[in-house]
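Chemist: Please find one structure pasted underneath; my questions will follow.
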Amino acid sequence: MAGIGGAETTGRKARWAVLNVLVVAYALFPVLWIVSLSFKTKETLADGNFIPREWTLENYTSIFSTTEFVRALVNSIGIALIATAIAVVFGTMAAYAIARLDFPGKRVLVGISLLVSMFPQISLISPLFEIERTLGLFDTWPGLILPYITFGLPLAIYTLSAFFREIPWELEKAAKMDGATPGQAFRRVIAPLAAPGVFTTAILVFIFCWNDFLFAISLTSTENSRTVPVALSFFTGSSQFEDPTGSIAAAAVVITIPIILFVLFFQRRIVAGLTSGAVKG
Amino acid sequence: MSHALTTEEGERASEGRQKAKAALSEGKKAERRLGLLLCAPAVLVMAGVAGWPILYSLWLSLQRYDLKFPDRKEFVWFDNYVTVLSNSYWWNAVWITVVITVVSVVIELVLGMALALIMHRTLVGRGIVRTSTLIPYGIVTVVAAFSWRYAWTPGTGYLSELVAGGEPVLTQKIPALMVVILAEIWKTTPFMALLLMAGLALVPEDLLKAAAMDGANGWQRFTKVMVPVMKPAILVALLFRTLDAFRVFDNLFVLTGGSQGTTSVSMIAYNNLIKGLNLGIGSTMSVLIFLMVALIAFVFIKLFGTAAPGSDNGGRR
């Protein structure tokens, strides 16, 4: 509660530094632990040491030599990217309409997307399981992409309509004066201005898809479309006597890397996206 | 003023007005068409993949439908609801879910507020703090859950030795629940903090200064100035997190697998559906969970009043 006026003394800076270190430690502890496990040798896995006594890359080479993991990684990347792309395109269109155009049913749309974002995902599992089995979508990429788009959309619509309200819309009017149709004004003038917001939204939606476990474990049954979080929970080790801990830790670290990269490079954008959508939306 | 004009002039003027009106409504119509067109794909997807299935699960919940005995499929009205609502495992799952939700959300609110204040006010290293708090938000829940599982398992873990004296924490009901709650708190406090931080940014600095001048101490400035201004942000954060916590599944799946009576509602529905292949009972649970979530959302939105997200219909400023 410090920091209302007054001089910035070194003492206060030091106190903040201590608090910050605590926060950083809080955030990183479990991550560092799984990283540590992933570099331990089979013999030292169970020693409980936070820093590995012997380092090895064996866990990584072994998971990348199994189709179980590699296939799951391909599935995860492909499914998340496709779902994100579609959700962001549809979301951009809808958010533009919400932020800029006057049409009947606008409030209903906002209401529906709010409803979907609050939806308990488990409630969709039983009908989707049955519907997808009938349509032959069960255990396929589209079978996961569809629910991901559906739950990514409200997130996209909220975040984007918040971003779109910040755009200098006079430019659109100017474009229309110069004879552009509303469609052209959208494509040529507004879309480039909106790109940063769209990019941020894409990151948020991608993180959601990348993270999902419930749909992935319920709507898949084979390597055909199983994503990494699910494959992880099925890792058994190469024989029944072998403990899969090392492989699970290594696979866990691999799928954490994209998240760490996003966070490192786009911290400011992610914070802006999360906060603007939730409070102003 | 038209009485001042000659008839001819009046006619011409009203003609002009009508033309303008027609042009305007033409533009309006085009705008409406474009608006509906732009929203159509989003609406279709949400209606097709969320709206229709929820209606379908209502239909499924009224049938005896076990995929292991597909021949015995039959319309049984509310029999499934009677079965579920008179089942003690179901009520245990409801109870466990409520405990996890309430305890984790309350602790998250306190911790999240502290974290938000730190992120908002810190004098040094703001970027580093924000970046590192985003890691729990972004990390795959299953990954974090495995980290906690190994940490609490005697042998591989450091926490079981350190805190529990080598006891197998995850095989006892209450300690296991505490670990699940801890994992939930770790993962989602940063999200809570970010939402609260957005609220903090709305607190006018002048107001805080004025309060300080009038002799308000830190705690008074917090409760009397900041909290009232932040109320909408606090309610939004609480709503999002409560509904999210109520869906708890990933952490439980990895940490306990629902053993020792630690099954949540999502977990028990999953077990009936995917493991038990009982679509009738599973759908009944789905519908009940949906109703509970709707109830929670309704209560919150009543509390929100006009501060509800979406009640600001946006549009032009």
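Lettering and numbering for the structure tokens are positional, with chains as A, B, ... in the shown order, residues counted from 1 in each chain, and ligands counted from 1 in the shown order.
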Which polymer residues have any atom within 6 Å of an atom of region 266-275 of chain A, counting only C-alpha atoms, with same-chain residues fewer than 2 positions away left out, as a ChimeraX atom specification?

Modeler: /A:159,200,262-264,277-278 /B:131,195,198

Chemist: Selected residues, C-alpha atoms, written as an mmCIF file, in the first residue's frame, please.

Modeler:
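Contents of out-v4.cif, freshly written:
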```cif
data_model
loop_
_atom_site.group_PDB
_atom_site.id
_atom_site.type_symbol
_atom_site.label_atom_id
_atom_site.label_comp_id
_atom_site.auth_asym_id
_atom_site.auth_seq_id
_atom_site.Cartn_x
_atom_site.Cartn_y
_atom_site.Cartn_z
ATOM 1 C CA THR A 159 -11.564 -9.068 -26.743
ATOM 2 C CA THR A 200 -3.498 -10.581 -29.436
ATOM 3 C CA PHE A 262 4.168 -16.028 -26.082
ATOM 4 C CA VAL A 263 4.431 -14.713 -22.564
ATOM 5 C CA LEU A 264 7.998 -13.477 -23.000
ATOM 6 C CA GLY A 277 -12.158 -7.753 -22.883
ATOM 7 C CA ALA A 278 -13.258 -8.548 -19.374
ATOM 8 C CA THR B 131 5.559 -11.682 -17.451
ATOM 9 C CA LEU B 195 -8.889 -8.560 -14.021
ATOM 10 C CA ALA B 198 -7.839 -3.433 -14.784
#
```

Chemist: Which residues are close to Lys73 (chain B), i.e. within 7 Å by only C-alpha atoms, leaving aside same-chain residues fewer than 4 positions away? Reply as a CSV table (one decimal) with N, CA and C atoms, in the first residue's frame.

Modeler:
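See out11.csv below for the written result:
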```
chain,number,residue,atom,x,y,z
B,63,GLN,N,-34.1,-40.3,-21.7
B,63,GLN,CA,-34.2,-41.6,-22.2
B,63,GLN,C,-33.3,-42.6,-21.4
B,64,ARG,N,-33.7,-43.8,-21.3
B,64,ARG,CA,-32.8,-44.8,-20.8
B,64,ARG,C,-31.9,-45.2,-22.1
B,65,TYR,N,-30.6,-44.8,-22.0
B,65,TYR,CA,-29.8,-45.0,-23.1
B,65,TYR,C,-28.3,-45.3,-22.7
```

Chemist: Report as a PyMOL selection string all protein, DNA and RNA residues lying within 12 Å of Phe249 (chain B), evaluated on only C-alpha atoms, omitting residues in the same chain fewer than 4 positions from it.

Modeler: (chain A and resi 120-122+212-215+217) or (chain B and resi 93+96-97+100-101+141-142+145+180-181+183-184+244-245+253-258+262-271)

Chemist: For Arg130 (chain B), which residue among A:Val23, A:Ile51, A:Val70, A:Leu232 is the nearest when counting only C-alpha atoms?

Modeler: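 When distances to Arg130 (chain B) are compared using only C-alpha atoms, the smallest one comes from A:Val23.
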
Chemist: Name all residues at most 12 Å from Phe163 (chain A) (count only C-alpha atoms; drop same-chain ones fewer than 4 positions away) and give them as an MDAnalysis selection string.

Modeler: (chainID A and resid 92 95:96 98:100 156:159 167:168 190:191 193:201 269 272:281) or (chainID B and resid 314)

Chemist: Please produce a file of those selected residues containing N, CA and C atoms, as a short mmCIF file (atom, residue, chain, number, x, y, z; two decimals), in the first residue's frame.

Modeler:
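Output file result-v4.cif is given in full below:
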```
data_model
loop_
_atom_site.label_atom_id
_atom_site.label_comp_id
_atom_site.auth_asym_id
_atom_site.auth_seq_id
_atom_site.Cartn_x
_atom_site.Cartn_y
_atom_site.Cartn_z
N THR A 92 -13.61 -11.66 -35.61
CA THR A 92 -13.32 -10.31 -36.11
C THR A 92 -14.54 -9.74 -36.81
N ALA A 95 -17.22 -8.98 -34.19
CA ALA A 95 -16.85 -7.89 -33.30
C ALA A 95 -16.91 -6.56 -34.02
N TYR A 96 -16.52 -6.56 -35.29
CA TYR A 96 -16.62 -5.32 -36.07
C TYR A 96 -18.08 -4.88 -36.13
N ILE A 98 -20.46 -5.61 -34.10
CA ILE A 98 -20.94 -5.18 -32.77
C ILE A 98 -20.42 -3.79 -32.44
N ALA A 99 -19.15 -3.54 -32.74
CA ALA A 99 -18.56 -2.27 -32.34
C ALA A 99 -19.01 -1.13 -33.24
N ARG A 100 -19.34 -1.40 -34.50
CA ARG A 100 -19.53 -0.33 -35.45
C ARG A 100 -20.89 -0.20 -36.09
N ALA A 156 -12.94 -14.34 -28.49
CA ALA A 156 -12.51 -13.50 -29.60
C ALA A 156 -13.44 -12.29 -29.74
N ILE A 157 -14.74 -12.53 -29.68
CA ILE A 157 -15.70 -11.44 -29.87
C ILE A 157 -15.53 -10.38 -28.78
N TYR A 158 -15.37 -10.84 -27.53
CA TYR A 158 -15.22 -9.89 -26.43
C TYR A 158 -13.97 -9.08 -26.54
N THR A 159 -12.84 -9.77 -26.71
CA THR A 159 -11.56 -9.07 -26.74
C THR A 159 -11.54 -8.10 -27.92
N ILE A 167 -10.28 2.12 -31.89
CA ILE A 167 -9.73 2.49 -33.20
C ILE A 167 -10.29 3.83 -33.65
N PRO A 168 -9.45 4.69 -34.26
CA PRO A 168 -9.96 5.99 -34.77
C PRO A 168 -10.85 5.77 -35.99
N ILE A 190 -9.77 -0.43 -41.98
CA ILE A 190 -9.90 -0.83 -40.59
C ILE A 190 -9.09 -2.08 -40.27
N ALA A 191 -9.11 -3.05 -41.17
CA ALA A 191 -8.42 -4.29 -40.88
C ALA A 191 -6.94 -4.09 -40.54
N LEU A 193 -5.55 -1.49 -39.25
CA LEU A 193 -5.47 -0.83 -37.94
C LEU A 193 -5.77 -1.82 -36.82
N ALA A 194 -6.63 -2.79 -37.14
CA ALA A 194 -7.10 -3.71 -36.11
C ALA A 194 -6.13 -4.87 -35.92
N ALA A 195 -5.14 -4.99 -36.81
CA ALA A 195 -4.27 -6.16 -36.79
C ALA A 195 -3.66 -6.48 -35.42
N PRO A 196 -3.14 -5.47 -34.68
CA PRO A 196 -2.54 -5.82 -33.38
C PRO A 196 -3.56 -6.48 -32.43
N GLY A 197 -4.77 -5.94 -32.41
CA GLY A 197 -5.81 -6.53 -31.57
C GLY A 197 -6.14 -7.93 -32.00
N VAL A 198 -6.21 -8.13 -33.31
CA VAL A 198 -6.53 -9.45 -33.84
C VAL A 198 -5.44 -10.44 -33.46
N PHE A 199 -4.20 -9.99 -33.55
CA PHE A 199 -3.07 -10.85 -33.21
C PHE A 199 -3.13 -11.27 -31.73
N THR A 200 -3.39 -10.29 -30.86
CA THR A 200 -3.50 -10.58 -29.44
C THR A 200 -4.60 -11.60 -29.18
N THR A 201 -5.73 -11.38 -29.83
CA THR A 201 -6.85 -12.30 -29.66
C THR A 201 -6.46 -13.71 -30.10
N ARG A 269 0.76 -7.24 -24.66
CA ARG A 269 -0.46 -7.49 -25.45
C ARG A 269 -1.42 -8.42 -24.71
N ALA A 272 -3.10 -6.62 -21.95
CA ALA A 272 -4.10 -5.71 -22.50
C ALA A 272 -5.34 -6.47 -22.97
N GLY A 273 -5.10 -7.57 -23.65
CA GLY A 273 -6.22 -8.35 -24.19
C GLY A 273 -7.09 -8.91 -23.10
N LEU A 274 -6.47 -9.48 -22.08
CA LEU A 274 -7.26 -10.10 -21.01
C LEU A 274 -8.06 -9.06 -20.25
N THR A 275 -7.44 -7.91 -19.98
CA THR A 275 -8.12 -6.94 -19.13
C THR A 275 -9.18 -6.16 -19.90
N SER A 276 -8.88 -5.77 -21.14
CA SER A 276 -9.86 -4.94 -21.86
C SER A 276 -11.13 -5.72 -22.12
N GLY A 277 -10.98 -6.96 -22.56
CA GLY A 277 -12.16 -7.75 -22.88
C GLY A 277 -13.06 -7.94 -21.68
N ALA A 278 -12.45 -8.18 -20.53
CA ALA A 278 -13.26 -8.55 -19.37
C ALA A 278 -13.94 -7.35 -18.73
N VAL A 279 -13.28 -6.21 -18.73
CA VAL A 279 -13.85 -5.11 -17.97
C VAL A 279 -14.73 -4.21 -18.83
N LYS A 280 -14.27 -3.90 -20.04
CA LYS A 280 -15.08 -2.99 -20.85
C LYS A 280 -16.12 -3.74 -21.66
N GLY A 281 -15.83 -5.02 -21.94
CA GLY A 281 -16.74 -5.78 -22.80
C GLY A 281 -18.10 -5.77 -22.20
N GLY B 314 -22.38 -1.17 -26.37
CA GLY B 314 -21.31 -0.79 -27.29
C GLY B 314 -21.77 0.27 -28.26
#
```

Chemist: Set the distance at 9 Å and use only C-alpha atoms: which residues neighbour Tyr60 (chain A) once local chain neighbours fewer than 6 positions away are removed? I'd like the list as number ranges by chain.

Modeler: A: 38-39, 246-247, 250-251, 254

Chemist: How would the residues just chosen look if you wrote them out with C-alpha atoms as a short mmCIF file (atom, residue, chain, number, x, y, z; two decimals), in the first residue's frame?

Modeler:
```
data_model
loop_
_atom_site.label_atom_id
_atom_site.label_comp_id
_atom_site.auth_asym_id
_atom_site.auth_seq_id
_atom_site.Cartn_x
_atom_site.Cartn_y
_atom_site.Cartn_z
CA SER A 38 12.64 -33.81 -17.30
CA PHE A 39 16.46 -33.56 -17.16
CA GLY A 246 10.66 -38.76 -17.10
CA SER A 247 8.76 -38.97 -20.40
CA ALA A 250 9.83 -33.99 -20.92
CA ALA A 251 6.60 -33.90 -22.94
CA VAL A 254 7.85 -29.35 -24.71
#
```
